[in-house]
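Chemist: Supplied in structure tokens, the structure appears directly below.
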Amino acid sequence: AQDEGVEVSTLLVKSLHGLDADAYARTLLRQLRVGKQDLGNGAVLVVAPNEGAVGLALGAGLQLEMRDYLELERERLRGFLDIGLPYCR
């Protein structure tokens with residue numbers, strides 16, 4: 001993924017439709033066909049401020065490169081949500 005770049009989609013949604021934020025992001029990664037499937041270089045970030053949730057889905061190539069940092073990135077995104085959410089209302 002490093003040689004080919006990363007395709008990122010960020011979505012601000014009203015509802016997760018009963019899914020947890022990561023599952024919703026994984027669904028959108030597949031449905032929107034983010035990234036190149038053979039490289040697994042897609043990433044989807046979902047922010048659901050009404051539910052106080054942030055989800056992250058990475059293609060297979062990115063998961064291999066980021067496996068040691070994935071939970072850290074999720075925590076950072078949740079921190080941004082905690083800081084920024086009051087300003088969105």
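Starting from 1 in every chain, residues are counted up; chains themselves are A, B, ... following the order of the structure tokens, and ligands are numbered from 1 as listed.
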If you count only C-alpha atoms, which residues fall within 12 Å of range 67-83 of chain A, apart from same-chain ones fewer than 4 positions away, as a list in words?

Modeler: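 Residues meeting the cut-off are Thr10, Leu12, Ala21, Asp22, Ala43, Leu45, Val46, Val47, Ala48, Pro49, Asn50, Glu51, Gly52, Ala53, Val54, Gly55, Leu56, Ala57, Leu58, Gly59, Ala60, Gly61, Leu62, Gln63, Tyr87 and Cys88 of chain A.
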
Chemist: Extract the full set of helix (DSSP H, G or I) residues from chain A according to DSSP on the backbone, and format it as a PyMOL selection string.

Modeler: chain A and resi 21-31+49-51+60-66+70-88

Chemist: When distances are computed from only C-alpha atoms, which of A:Val34, A:Pro86, A:Leu64, A:Arg26 shows the smallest separation from Val6 in chain A?

Modeler: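 With only C-alpha atoms as the atom set, the closest residue is A:Val34.
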
Chemist: I need the residues in chain A that are strand (DSSP E) according to DSSP; give them as a PyMOL selection string.

Modeler: chain A and resi 7-12+42-48+53-58

Chemist: State, in Å with one decimal place, the distance from CA of Gly18 in chain A to CA of Arg30 in chain A.

Modeler: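 Taking CA of Gly18 in chain A as the start and CA of Arg30 in chain A as the end point, the length is 17.9 Å.
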